[in-house]
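Structure data (mmCIF, C-alpha atoms) from target14.cif:
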```
data_model
#
loop_
_atom_site.label_atom_id
_atom_site.label_comp_id
_atom_site.auth_asym_id
_atom_site.auth_seq_id
_atom_site.Cartn_x
_atom_site.Cartn_y
_atom_site.Cartn_z
CA MET A 1 -13.38 22.47 -31.07
CA ASP A 2 -9.91 21.20 -32.00
CA PHE A 3 -8.99 21.35 -28.32
CA LEU A 4 -11.91 19.07 -27.37
CA THR A 5 -11.06 16.72 -30.23
CA GLY A 6 -7.52 16.47 -28.92
CA LEU A 7 -8.87 15.52 -25.49
CA LEU A 8 -11.19 12.81 -26.87
CA PRO A 9 -8.72 9.97 -26.10
CA LEU A 10 -8.52 11.23 -22.51
CA PHE A 11 -12.31 11.21 -22.18
CA LYS A 12 -12.38 7.60 -23.39
CA VAL A 13 -9.77 6.58 -20.82
CA LEU A 14 -11.68 8.40 -18.08
CA ALA A 15 -14.81 6.50 -19.13
CA ALA A 16 -12.89 3.26 -18.57
CA PHE A 17 -11.86 4.50 -15.13
CA ALA A 18 -15.47 5.42 -14.40
CA ALA A 19 -16.50 1.87 -15.30
CA MET A 20 -13.94 0.58 -12.79
CA LEU A 21 -15.30 2.85 -10.06
CA VAL A 22 -18.88 1.77 -10.78
CA GLY A 23 -17.80 -1.86 -10.64
CA ILE A 24 -16.11 -1.28 -7.28
CA ARG A 25 -19.19 0.49 -5.91
CA LEU A 26 -21.41 -2.37 -7.13
CA ARG A 27 -19.10 -4.77 -5.26
CA LEU A 28 -18.16 -6.75 -8.37
CA GLY A 29 -14.74 -7.24 -6.85
CA LEU A 30 -11.59 -5.37 -7.82
CA PRO A 31 -10.37 -7.90 -10.46
CA LEU A 32 -13.70 -7.88 -12.31
CA ALA A 33 -14.01 -4.09 -12.02
CA ILE A 34 -10.56 -3.55 -13.60
CA LEU A 35 -11.33 -6.16 -16.27
CA ALA A 36 -14.58 -4.35 -17.10
CA GLY A 37 -12.61 -1.11 -17.53
CA SER A 38 -10.21 -2.91 -19.84
CA ILE A 39 -13.03 -4.29 -21.99
CA LEU A 40 -14.71 -0.89 -22.23
CA LEU A 41 -11.37 0.72 -23.15
CA ALA A 42 -10.90 -1.81 -25.95
CA ALA A 43 -14.44 -1.17 -27.23
CA LEU A 44 -14.07 2.62 -27.17
CA PHE A 45 -10.83 2.44 -29.16
CA ARG A 46 -12.34 -0.18 -31.52
CA LEU A 47 -9.93 -2.95 -30.61
CA ALA A 48 -11.32 -6.21 -32.03
CA PRO A 49 -12.46 -8.79 -29.45
CA LEU A 50 -9.96 -11.38 -30.73
CA ALA A 51 -7.15 -8.82 -30.52
CA TRP A 52 -8.15 -8.00 -26.94
CA LEU A 53 -8.18 -11.70 -26.01
CA GLN A 54 -4.68 -12.11 -27.47
CA THR A 55 -3.49 -9.03 -25.56
CA ALA A 56 -4.94 -10.42 -22.33
CA ALA A 57 -3.31 -13.80 -22.88
CA TYR A 58 0.11 -12.25 -23.52
CA ALA A 59 -0.27 -10.07 -20.43
CA LEU A 60 -0.90 -13.12 -18.24
CA VAL A 61 2.31 -14.88 -19.29
CA ASP A 62 4.51 -11.78 -19.35
CA THR A 63 7.62 -12.05 -17.17
CA GLN A 64 6.74 -8.86 -15.31
CA THR A 65 3.29 -10.19 -14.43
CA LEU A 66 4.63 -13.54 -13.24
CA CYS A 67 7.39 -11.94 -11.15
CA LEU A 68 4.99 -9.61 -9.38
CA ALA A 69 2.54 -12.47 -8.77
CA GLY A 70 5.38 -14.45 -7.22
CA ILE A 71 6.28 -11.58 -4.89
CA VAL A 72 2.70 -11.14 -3.71
CA ALA A 73 2.35 -14.87 -3.07
CA CYS A 74 5.57 -14.85 -1.03
CA ILE A 75 4.40 -11.84 1.00
CA MET A 76 1.11 -13.53 1.80
CA ILE A 77 2.89 -16.68 2.96
CA LEU A 78 5.29 -14.79 5.21
CA SER A 79 2.56 -12.58 6.69
CA ASP A 80 0.32 -15.55 7.45
CA PHE A 81 3.20 -17.54 8.95
CA LEU A 82 4.07 -14.71 11.33
CA GLU A 83 0.44 -14.22 12.32
CA LYS A 84 -0.65 -17.85 12.70
CA THR A 85 2.46 -18.94 14.61
CA GLY A 86 2.06 -16.00 16.99
CA GLN A 87 5.58 -14.77 16.28
CA ASN A 88 4.42 -11.21 15.64
CA ASP A 89 2.62 -11.21 18.99
CA ARG A 90 5.66 -12.60 20.83
CA LEU A 91 7.94 -10.01 19.24
CA MET A 92 5.71 -7.11 20.22
CA ARG A 93 5.35 -8.32 23.80
CA ALA A 94 9.11 -8.72 24.06
CA LEU A 95 9.63 -5.16 22.84
CA ALA A 96 7.11 -3.59 25.24
CA PRO A 97 9.52 -3.19 28.22
CA LEU A 98 11.89 -1.17 26.04
CA LEU A 99 9.24 1.47 25.31
CA LYS A 100 9.08 3.90 28.23
CA ASN A 101 7.46 6.87 26.47
CA PRO A 102 3.62 6.68 26.37
CA GLY A 103 3.38 8.09 22.84
CA LEU A 104 6.05 5.75 21.55
CA ARG A 105 4.42 2.72 23.12
CA LEU A 106 1.02 3.72 21.72
CA THR A 107 2.31 4.04 18.18
CA PHE A 108 5.06 1.45 18.05
CA PHE A 109 2.89 -1.64 17.76
CA PRO A 110 0.69 -0.47 14.84
CA ALA A 111 3.81 0.94 13.15
CA LEU A 112 5.60 -2.39 13.62
CA ILE A 113 2.68 -4.31 12.13
CA GLY A 114 2.74 -1.78 9.30
CA LEU A 115 6.17 -3.06 8.24
CA LEU A 116 4.39 -6.11 6.86
CA PRO A 117 1.50 -5.63 4.42
CA MET A 118 -0.91 -7.81 6.38
CA PRO A 119 -4.51 -7.48 5.14
CA GLY A 120 -6.54 -5.88 7.91
CA GLY A 121 -3.41 -5.47 10.03
CA ALA A 122 -5.06 -2.72 12.08
CA HIS A 123 -7.27 -5.40 13.66
CA PHE A 124 -4.15 -7.31 14.67
CA SER A 125 -2.52 -4.31 16.37
CA ALA A 126 -5.73 -3.04 18.00
CA PRO A 127 -5.44 -5.18 21.19
CA MET A 128 -1.84 -3.96 21.67
CA VAL A 129 -2.92 -0.32 21.43
CA LYS A 130 -5.83 -0.94 23.80
CA SER A 131 -3.58 -2.54 26.43
CA VAL A 132 -1.47 0.64 26.47
CA ALA A 133 -4.26 3.20 25.98
CA ASP A 134 -6.73 1.99 28.62
CA PRO A 135 -4.41 2.75 31.59
CA LEU A 136 -3.86 6.20 30.04
CA HIS A 137 -7.66 6.81 29.96
CA ILE A 138 -7.68 7.41 26.19
CA ARG A 139 -11.15 7.23 24.66
CA PRO A 140 -12.03 4.32 22.32
CA MET A 141 -12.57 6.76 19.43
CA ASP A 142 -9.04 8.11 19.81
CA GLN A 143 -7.64 4.59 20.19
CA ALA A 144 -9.29 3.57 16.91
CA ILE A 145 -7.86 6.56 15.04
CA ILE A 146 -4.36 6.18 16.54
CA ASN A 147 -4.31 2.49 15.69
CA TYR A 148 -5.46 3.11 12.12
CA TRP A 149 -3.28 6.14 11.36
CA PHE A 150 0.03 4.80 12.63
CA ARG A 151 -0.59 1.39 11.05
CA HIS A 152 -0.19 3.03 7.61
CA LEU A 153 2.88 5.24 8.03
CA TRP A 154 5.05 3.16 5.74
CA GLU A 155 2.76 2.42 2.82
CA PRO A 156 4.15 5.07 0.40
CA CYS A 157 7.79 4.09 0.95
CA TRP A 158 8.21 0.55 2.30
CA PRO A 159 9.71 -2.03 -0.11
CA LEU A 160 7.48 -4.93 0.96
CA TYR A 161 4.17 -3.29 0.00
CA PRO A 162 2.74 -4.80 -3.21
CA GLY A 163 1.47 -1.36 -4.28
CA LEU A 164 4.96 0.12 -4.16
CA ILE A 165 6.39 -2.92 -5.94
CA LEU A 166 3.72 -2.60 -8.65
CA SER A 167 4.45 1.13 -8.98
CA ALA A 168 8.15 0.42 -9.52
CA SER A 169 7.35 -2.35 -11.98
CA LEU A 170 4.94 -0.27 -14.08
CA ALA A 171 7.24 2.77 -14.00
CA ASN A 172 10.29 0.62 -14.84
CA VAL A 173 12.33 2.11 -11.99
CA SER A 174 13.83 0.48 -8.91
CA ILE A 175 12.00 0.36 -5.60
CA ALA A 176 14.99 2.12 -4.02
CA THR A 177 14.50 5.05 -6.42
CA ILE A 178 10.86 5.46 -5.42
CA MET A 179 11.74 5.14 -1.73
CA ALA A 180 14.32 7.92 -2.11
CA TYR A 181 11.50 10.28 -3.16
CA THR A 182 8.63 9.10 -0.96
CA TRP A 183 10.27 8.51 2.45
CA PRO A 184 9.35 12.05 3.66
CA ALA A 185 5.71 10.91 3.53
CA ALA A 186 6.29 8.64 6.55
CA LEU A 187 7.83 11.54 8.46
CA ALA A 188 4.96 13.84 7.52
CA CYS A 189 2.38 11.26 8.63
CA THR A 190 4.18 10.85 11.95
CA LEU A 191 4.20 14.60 12.62
CA ILE A 192 0.56 15.02 11.55
CA GLY A 193 -0.48 12.03 13.67
CA TRP A 194 1.35 13.45 16.67
CA PHE A 195 -0.25 16.89 16.29
CA PHE A 196 -3.84 15.76 15.70
CA PHE A 197 -4.07 12.49 17.66
CA LEU A 198 -1.27 12.00 20.18
CA ARG A 199 -0.69 15.53 21.50
CA PRO A 200 -4.29 16.12 22.67
CA ASN A 201 -4.41 12.72 24.40
CA LEU A 202 -1.04 12.80 26.15
CA LYS A 203 -1.23 16.24 27.79
CA ASN A 204 -2.19 14.91 31.22
CA THR A 205 -1.58 11.17 31.14
CA PRO A 206 -0.88 9.09 34.23
CA ALA A 207 2.35 7.15 34.56
CA LEU A 208 2.61 3.93 32.60
CA PRO A 209 2.34 0.75 34.68
CA ALA A 210 5.54 -1.11 35.51
CA THR A 211 6.74 -3.47 32.76
CA SER A 212 8.26 -6.89 32.93
CA GLU A 213 11.98 -7.58 32.78
CA ILE A 214 13.71 -6.32 29.64
CA PRO A 215 14.37 -9.27 27.30
CA ALA A 216 17.83 -10.21 26.12
CA SER A 217 19.00 -8.83 22.79
CA LYS A 218 19.34 -12.41 21.54
CA THR A 219 15.64 -13.02 22.19
CA LEU A 220 14.66 -9.93 20.21
CA LEU A 221 16.98 -10.88 17.36
CA VAL A 222 15.56 -14.41 17.15
CA LEU A 223 11.97 -13.20 17.18
CA GLY A 224 12.64 -10.48 14.63
CA LEU A 225 14.84 -12.58 12.34
CA PRO A 226 12.17 -13.33 9.69
CA LEU A 227 11.27 -9.65 9.42
CA LEU A 228 14.93 -8.61 9.26
CA THR A 229 15.62 -11.25 6.62
CA ALA A 230 12.77 -9.99 4.44
CA ILE A 231 13.57 -6.30 4.79
CA LEU A 232 17.35 -6.34 4.64
CA GLY A 233 17.38 -9.14 2.07
CA ALA A 234 14.99 -7.35 -0.31
CA VAL A 235 16.86 -4.05 -0.14
CA GLY A 236 20.31 -5.70 -0.13
CA VAL A 237 19.73 -7.98 -3.11
CA GLU A 238 18.27 -5.12 -5.15
CA ALA A 239 21.30 -2.98 -4.32
CA ALA A 240 23.59 -5.85 -5.33
CA PHE A 241 21.75 -6.24 -8.65
CA ALA A 242 22.18 -2.53 -9.31
CA ALA A 243 25.90 -2.66 -8.42
CA VAL A 244 26.72 -5.51 -10.79
CA LYS A 245 24.34 -4.14 -13.46
CA THR A 246 22.71 -7.50 -14.07
CA ASP A 247 19.83 -7.91 -16.51
CA LEU A 248 17.90 -9.97 -13.98
CA PRO A 249 14.63 -8.27 -12.89
CA PHE A 250 14.81 -6.85 -9.38
CA GLU A 251 11.65 -8.79 -8.49
CA ILE A 252 13.72 -11.98 -8.36
CA GLY A 253 15.82 -10.55 -5.52
CA VAL A 254 12.71 -9.52 -3.59
CA MET A 255 11.21 -12.99 -4.02
CA ALA A 256 14.43 -14.63 -2.86
CA ALA A 257 14.45 -12.50 0.30
CA LEU A 258 10.80 -13.28 1.06
CA VAL A 259 11.29 -17.01 0.50
CA ALA A 260 14.31 -16.93 2.84
CA ALA A 261 12.29 -15.08 5.48
CA SER A 262 9.44 -17.58 5.20
CA LEU A 263 11.90 -20.47 5.60
CA VAL A 264 13.38 -18.84 8.69
CA CYS A 265 9.92 -18.44 10.23
CA ALA A 266 8.92 -21.98 9.26
CA LEU A 267 12.06 -23.48 10.80
CA GLN A 268 11.72 -21.44 13.98
CA ASN A 269 8.11 -22.53 14.45
CA ARG A 270 8.28 -26.01 12.87
CA VAL A 271 5.74 -25.16 10.19
CA HIS A 272 5.00 -28.04 7.82
CA PRO A 273 5.66 -27.37 4.11
CA ARG A 274 2.04 -28.30 3.36
CA GLU A 275 0.93 -25.13 5.16
CA ALA A 276 2.89 -22.99 2.69
CA LEU A 277 1.08 -24.68 -0.18
CA GLY A 278 -2.20 -24.04 1.61
CA GLU A 279 -1.45 -20.31 1.83
CA LEU A 280 -0.96 -20.19 -1.94
CA THR A 281 -4.53 -21.37 -2.49
CA ASN A 282 -6.36 -19.41 0.19
CA ARG A 283 -9.04 -16.94 -0.82
CA HIS A 284 -7.15 -13.72 -0.13
CA THR A 285 -3.98 -14.80 -1.95
CA LEU A 286 -5.96 -15.85 -5.01
CA HIS A 287 -7.82 -12.53 -4.95
CA MET A 288 -4.55 -10.58 -4.88
CA LEU A 289 -3.19 -12.62 -7.78
CA ALA A 290 -6.38 -11.96 -9.74
CA VAL A 291 -5.97 -8.22 -9.11
CA ILE A 292 -2.43 -8.32 -10.52
CA ALA A 293 -3.59 -10.23 -13.59
CA ALA A 294 -6.39 -7.71 -14.23
CA ILE A 295 -4.05 -4.75 -13.81
CA PHE A 296 -1.56 -6.05 -16.34
CA ILE A 297 -4.34 -6.88 -18.81
CA PHE A 298 -5.51 -3.27 -18.49
CA LYS A 299 -1.97 -1.97 -18.93
CA ASP A 300 -1.39 -3.99 -22.08
CA THR A 301 -4.82 -3.08 -23.45
CA LEU A 302 -3.91 0.58 -22.99
CA ALA A 303 -0.71 0.02 -24.97
CA GLN A 304 -2.43 -2.01 -27.70
CA THR A 305 -5.05 0.66 -28.39
CA GLY A 306 -2.34 3.20 -29.20
CA VAL A 307 -3.81 5.65 -26.72
CA ALA A 308 -0.32 6.59 -25.52
CA SER A 309 0.69 8.21 -28.80
CA GLN A 310 -2.71 9.87 -29.15
CA LEU A 311 -2.52 11.37 -25.68
CA ALA A 312 1.08 12.46 -26.11
CA ALA A 313 0.17 14.33 -29.31
CA SER A 314 -3.06 15.82 -27.96
CA ALA A 315 -3.49 19.47 -27.13
CA GLY A 316 -4.34 18.56 -23.56
CA LYS A 317 -1.18 16.72 -22.55
CA GLU A 318 -0.76 18.83 -19.40
CA ALA A 319 -4.35 18.10 -18.43
CA VAL A 320 -3.71 14.40 -19.01
CA LEU A 321 -0.63 14.52 -16.78
CA ILE A 322 -2.49 16.19 -13.92
CA THR A 323 -5.42 13.81 -14.30
CA ALA A 324 -3.23 10.69 -14.33
CA ALA A 325 -0.88 11.82 -11.55
CA ALA A 326 -3.32 13.44 -9.13
CA ILE A 327 -7.04 13.13 -9.84
CA VAL A 328 -7.32 9.48 -10.88
CA PRO A 329 -5.09 8.09 -8.07
CA PHE A 330 -6.94 10.08 -5.40
CA LEU A 331 -10.44 9.20 -6.63
CA VAL A 332 -9.72 5.50 -7.16
CA GLY A 333 -8.00 5.31 -3.77
CA LEU A 334 -10.96 7.09 -2.13
CA VAL A 335 -13.60 4.86 -3.72
CA SER A 336 -11.77 1.54 -3.34
CA GLY A 337 -9.60 2.00 -0.23
CA ILE A 338 -7.01 -0.22 -1.95
CA THR A 339 -3.50 0.83 -2.97
CA MET A 340 -3.25 -1.73 -5.76
CA ALA A 341 -6.43 -0.27 -7.30
CA TYR A 342 -5.12 3.27 -7.74
CA VAL A 343 -1.72 2.08 -8.93
CA GLY A 344 -3.28 -0.22 -11.50
CA ALA A 345 -5.72 2.42 -12.71
CA ALA A 346 -3.43 5.44 -12.86
CA PHE A 347 0.08 4.27 -13.67
CA PRO A 348 -0.55 2.80 -17.15
CA LEU A 349 -2.03 6.16 -18.20
CA LEU A 350 0.65 8.16 -16.39
CA MET A 351 3.50 6.25 -18.01
CA ALA A 352 1.99 6.91 -21.43
CA VAL A 353 2.40 10.68 -21.10
CA ILE A 354 5.03 11.24 -18.41
CA PRO A 355 8.00 13.48 -19.35
CA MET A 356 11.24 11.54 -19.72
CA THR A 357 14.65 12.61 -18.42
CA PRO A 358 18.09 11.23 -19.37
CA THR A 359 17.88 8.89 -16.36
CA GLY A 360 14.29 7.73 -16.89
CA PRO A 361 10.76 8.99 -16.16
CA ASP A 362 10.30 12.26 -14.28
CA MET A 363 10.09 11.11 -10.65
CA ALA A 364 8.17 14.21 -9.56
CA TRP A 365 5.05 12.97 -11.39
CA ILE A 366 5.46 9.42 -10.07
CA THR A 367 5.83 10.78 -6.53
CA LEU A 368 2.72 12.92 -6.99
CA ALA A 369 0.68 9.90 -8.13
CA ILE A 370 1.79 7.79 -5.15
CA LEU A 371 1.11 10.51 -2.57
CA CYS A 372 -2.28 11.49 -4.02
CA GLY A 373 -3.34 7.86 -4.26
CA TYR A 374 -2.12 7.18 -0.73
CA THR A 375 -4.17 10.13 0.58
CA GLY A 376 -7.27 8.76 -1.13
CA VAL A 377 -6.72 5.31 0.35
CA LEU A 378 -6.05 6.73 3.83
CA ILE A 379 -9.26 8.77 3.88
CA SER A 380 -11.41 6.09 2.24
CA PRO A 381 -14.32 4.92 4.42
CA LEU A 382 -14.06 1.58 2.58
CA HIS A 383 -10.49 0.94 3.75
CA ILE A 384 -10.66 -2.45 5.44
CA CYS A 385 -8.23 -1.44 8.21
CA PHE A 386 -10.40 1.59 9.03
CA ILE A 387 -13.50 -0.59 9.22
CA PHE A 388 -11.71 -3.22 11.34
CA SER A 389 -10.30 -0.60 13.71
CA CYS A 390 -13.67 1.08 14.25
CA THR A 391 -15.38 -2.29 14.68
CA TYR A 392 -12.87 -3.49 17.29
CA TYR A 393 -13.28 -0.37 19.43
CA HIS A 394 -17.07 -0.19 18.84
CA VAL A 395 -17.01 3.39 17.56
CA ASP A 396 -19.18 5.06 14.93
CA LEU A 397 -17.56 4.92 11.48
CA ALA A 398 -18.97 8.27 10.34
CA GLN A 399 -17.65 10.11 13.41
CA ALA A 400 -14.25 8.43 13.12
CA TRP A 401 -14.09 9.26 9.40
CA ARG A 402 -14.73 12.95 10.07
CA ARG A 403 -11.69 12.92 12.38
CA LEU A 404 -9.54 11.91 9.39
CA VAL A 405 -10.60 14.64 6.96
CA LEU A 406 -8.49 17.53 8.26
CA PRO A 407 -5.28 15.50 8.88
CA CYS A 408 -5.54 13.97 5.39
CA ALA A 409 -6.13 17.43 3.87
CA VAL A 410 -3.00 18.70 5.64
CA PHE A 411 -1.03 15.72 4.34
CA LEU A 412 -2.27 16.30 0.78
CA VAL A 413 -1.31 19.99 0.87
CA ALA A 414 2.12 19.08 2.27
CA SER A 415 2.52 16.48 -0.50
CA LEU A 416 1.67 18.98 -3.23
CA ALA A 417 4.15 21.46 -1.78
CA PHE A 418 6.83 18.76 -1.62
CA VAL A 419 6.27 17.69 -5.22
CA ALA A 420 6.37 21.33 -6.34
CA LEU A 421 9.86 21.57 -4.84
CA LEU A 422 10.92 18.52 -6.87
#
```

Produce structure tokens that represent the structure in this file.
Amino acid sequence: MDFLTGLLPLFKVLAAFAAMLVGIRLRLGLPLAILAGSILLAALFRLAPLAWLQTAAYALVDTQTLCLAGIVACIMILSDFLEKTGQNDRLMRALAPLLKNPGLRLTFFPALIGLLPMPGGAHFSAPMVKSVADPLHIRPMDQAIINYWFRHLWEPCWPLYPGLILSASLANVSIATIMAYTWPAALACTLIGWFFFLRPNLKNTPALPATSEIPASKTLLVLGLPLLTAILGAVGVEAAFAAVKTDLPFEIGVMAALVAASLVCALQNRVHPREALGELTNRHTLHMLAVIAAIFIFKDTLAQTGVASQLAASAGKEAVLITAAAIVPFLVGLVSGITMAYVGAAFPLLMAVIPMTPTGPDMAWITLAILCGYTGVLISPLHICFIFSCTYYHVDLAQAWRRLVLPCAVFLVASLAFVALL
């Protein structure tokens, strides 16, 4: 009986997560679903309505919240600039003559698009995959899966993904630290994708058609300059901040790099400044900002209720750790198909009970949460990229989804084994 009493705070938190999942299933929208979980959490822990409103207000003006919102807004602007100006398309077409290997050419374009967290990016890369796959007589079903799988190689370890940025922010560690632990996930996905999807299709492929003249290196550099500015700038500025041991939040460096990349793209394509302002007010950007606001309200509500100390002192702390680091991320990722959803749901709870080391939180648990959540998102039938990919190639979603189950199970087992070694 004492054991169950000790787990009561965990059951209350899980009830709040269940409310989020129900809200997502009822299509309330992710911001409202997370907000509903926050309100239920406050009610279950008897936090007064006025106290909850004050907590929510403070969360919205917190420096961490504002910095992350700024990063997401900058990412949306850069992604839309590259898409609407056609620069992504020009870059990929310029790179095509350099790719002689059929497997490399099939996977390069979705992987390249995956370097930028474009919403529904699998739909953008689908025509590129089709132009390569049709001459190789690859079935539409396989094209859809290849396009979807290799589009998401980088999500657990790429510094421009909002989910990774949010993970670093909530865990109070640098993005570079998380990348140092999660980069093997991209390698594992590549090997699994090759074994299950590429190898069977490339056994007896015809020769690739002749390609156009190889472009000059200068052309490739010019076309790829915005992407290089964003990637190298974000990583470089963060490394510089760490070297000089400044108190400035690392998010400022990421924002500076993204702003610089957007300016480069705007100057190259003569984009009017008014278009940047328009991107800040479009529907998707506002939705992403609302998600961030809801996540931080939930995080601060969790802290205000005192659940952290209750969970840490409970008899079921190990059960709480496993739930927060593995079960909750996977389930929320599976139900929502959104990385930000599992990060926002799981990390506030995880950080309340995670073991601390002299250098900070135990990275093994953080790595486990990211990889389990990523697996859930990758196998989710609600993932917008999966739906877009299947729709473009006119294939049955249920049949395509069944093709993902075994590869995702292999990835999850490999992830658990990797974390066990940590």

- Task: Point out the residue among A:Gln399, A:Asn101, A:Thr391, A:Thr229 with the least atom-to-atom distance to Leu202 of chain A, counting only C-alpha atoms.
- Result: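 Closest to Leu202 of chain A of all the choices is A:Asn101.
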
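Closest to Gly333 of chain A among A:Ile379, A:Val61, A:Ala294, A:Ala234 is A:Ile379, based on only C-alpha atoms.
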
- Message: If we draw a sphere of 12 Å around (-15.0, 1.1, -8.9), which residues have at least one atom in it when counting all atoms listed in the file? Please report them as JSON, numbers by chain.
- Response: {"A": [15, 16, 17, 18, 19, 20, 21, 22, 23, 24, 25, 26, 27, 28, 29, 30, 31, 32, 33, 34, 35, 36, 37, 328, 331, 332, 333, 334, 335, 336, 337, 338, 341, 342, 345, 382]}

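The space separating atom CA of His287 of chain A from atom CA of Thr85 of chain A comes to 23.0 Å.
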
- Could you check how far atom CA of Leu228 of chain A sits from atom CA of Val291 of chain A, in Å to one decimal? 27.8 Å

- Explicit residue set for the PyMOL selection byres ((chain A and resi 196) around 10), as a list of chain:residue names: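 That selection, the PyMOL selection byres ((chain A and resi 196) around 10), comes back as A:Ile146, A:Leu191, A:Ile192, A:Gly193, A:Trp194, A:Phe195, A:Phe197, A:Leu198, A:Arg199, A:Pro200, A:Asn201, A:Arg403, A:Leu404, A:Leu406, A:Pro407.
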
- What gap, in Å, lies between atom CA of Ser125 of chain A and atom CA of Val413 of chain A?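 Interatomic distance here is 28.8 Å.
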
- For Met363 of chain A, which residue out of A:Gln87, A:His383, A:Ala420, A:His284 is the nearest one, using only C-alpha atoms?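 With only C-alpha atoms as the atom set, the closest residue is A:Ala420.
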
- With only C-alpha atoms as the atoms that count, which of A:Leu221, A:Gly344, A:Thr301, A:Leu421 lies nearest to Ala43 of chain A?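 Among the listed residues, the smallest separation from Ala43 of chain A belongs to A:Thr301.
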
Could you write out as a PDB file with C-alpha atoms, in the coordinates of the input the residues that the PyMOL selection byres ((chain A and resi 288) around 12) matches in the shown file?
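This went into part20.pdb:
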```pdb
ATOM      1  CA  GLY A  29     -14.740  -7.240  -6.850  1.00  0.00           C
ATOM      2  CA  LEU A  30     -11.590  -5.370  -7.820  1.00  0.00           C
ATOM      3  CA  PRO A  31     -10.370  -7.900 -10.460  1.00  0.00           C
ATOM      4  CA  LEU A  68       4.990  -9.610  -9.380  1.00  0.00           C
ATOM      5  CA  ALA A  69       2.540 -12.470  -8.770  1.00  0.00           C
ATOM      6  CA  GLY A  70       5.380 -14.450  -7.220  1.00  0.00           C
ATOM      7  CA  ILE A  71       6.280 -11.580  -4.890  1.00  0.00           C
ATOM      8  CA  VAL A  72       2.700 -11.140  -3.710  1.00  0.00           C
ATOM      9  CA  ALA A  73       2.350 -14.870  -3.070  1.00  0.00           C
ATOM     10  CA  CYS A  74       5.570 -14.850  -1.030  1.00  0.00           C
ATOM     11  CA  ILE A  75       4.400 -11.840   1.000  1.00  0.00           C
ATOM     12  CA  MET A  76       1.110 -13.530   1.800  1.00  0.00           C
ATOM     13  CA  PRO A 119      -4.510  -7.480   5.140  1.00  0.00           C
ATOM     14  CA  PRO A 162       2.740  -4.800  -3.210  1.00  0.00           C
ATOM     15  CA  GLY A 163       1.470  -1.360  -4.280  1.00  0.00           C
ATOM     16  CA  LEU A 280      -0.960 -20.190  -1.940  1.00  0.00           C
ATOM     17  CA  THR A 281      -4.530 -21.370  -2.490  1.00  0.00           C
ATOM     18  CA  ASN A 282      -6.360 -19.410   0.190  1.00  0.00           C
ATOM     19  CA  ARG A 283      -9.040 -16.940  -0.820  1.00  0.00           C
ATOM     20  CA  HIS A 284      -7.150 -13.720  -0.130  1.00  0.00           C
ATOM     21  CA  THR A 285      -3.980 -14.800  -1.950  1.00  0.00           C
ATOM     22  CA  LEU A 286      -5.960 -15.850  -5.010  1.00  0.00           C
ATOM     23  CA  HIS A 287      -7.820 -12.530  -4.950  1.00  0.00           C
ATOM     24  CA  LEU A 289      -3.190 -12.620  -7.780  1.00  0.00           C
ATOM     25  CA  ALA A 290      -6.380 -11.960  -9.740  1.00  0.00           C
ATOM     26  CA  VAL A 291      -5.970  -8.220  -9.110  1.00  0.00           C
ATOM     27  CA  ILE A 292      -2.430  -8.320 -10.520  1.00  0.00           C
ATOM     28  CA  ALA A 293      -3.590 -10.230 -13.590  1.00  0.00           C
ATOM     29  CA  ALA A 294      -6.390  -7.710 -14.230  1.00  0.00           C
ATOM     30  CA  ILE A 295      -4.050  -4.750 -13.810  1.00  0.00           C
ATOM     31  CA  ILE A 338      -7.010  -0.220  -1.950  1.00  0.00           C
ATOM     32  CA  THR A 339      -3.500   0.830  -2.970  1.00  0.00           C
ATOM     33  CA  MET A 340      -3.250  -1.730  -5.760  1.00  0.00           C
ATOM     34  CA  ALA A 341      -6.430  -0.270  -7.300  1.00  0.00           C
TER      35      ALA A 341
END
```

- Task: Expand the PyMOL selection byres ((chain A and resi 414) around 12) into the individual residues it matches in the shown file, reporting them as a list in words.
- Result: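 Evaluating the PyMOL selection byres ((chain A and resi 414) around 12) on this file yields Pro184, Ala185, Leu187, Ala188, Cys189, Leu191, Ile192, Leu368, Leu371, Cys372, Thr375, Pro407, Cys408, Ala409, Val410, Phe411, Leu412, Val413, Ser415, Leu416, Ala417, Phe418, Val419, Ala420 and Leu421 of chain A.
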
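With distances taken over all atoms listed in the file, A:Pro156 is the one residue among A:Leu321, A:Pro156, A:Cys265, A:Asp300 lying closest to Val343 of chain A.
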
- Query: Which is closest to Thr63 of chain A among A:Ile252, A:Ala325, A:Val353, A:Ala400, if we use only C-alpha atoms?
  - Reply: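 Among the listed residues, the smallest separation from Thr63 of chain A belongs to A:Ile252.
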
- Query: Do you know which residues lie at most 9 Å from (10.8, 8.9, -3.1), with coordinates as in the file and all atoms listed in the file counted, and could you write them as an MDAnalysis selection string?
  - Reply: chainID A and resid 156:157 175:185 363:364 366:367

Coordinates of box centre and edge lengths for segment 51-57 of chain A, 5 Å on every side, axis-aligned, as lines of an AutoDock Vina configuration file:
```
center_x = -5.7
center_y = -10.9
center_z = -26.4
size_x = 14.9
size_y = 15.8
size_z = 18.2
```

- Skipping near chain neighbours, those fewer than 5 positions away, what residues fall within 12 Å of Ala303 of chain A using all atoms listed in the file, listed as a count of residues only? 23
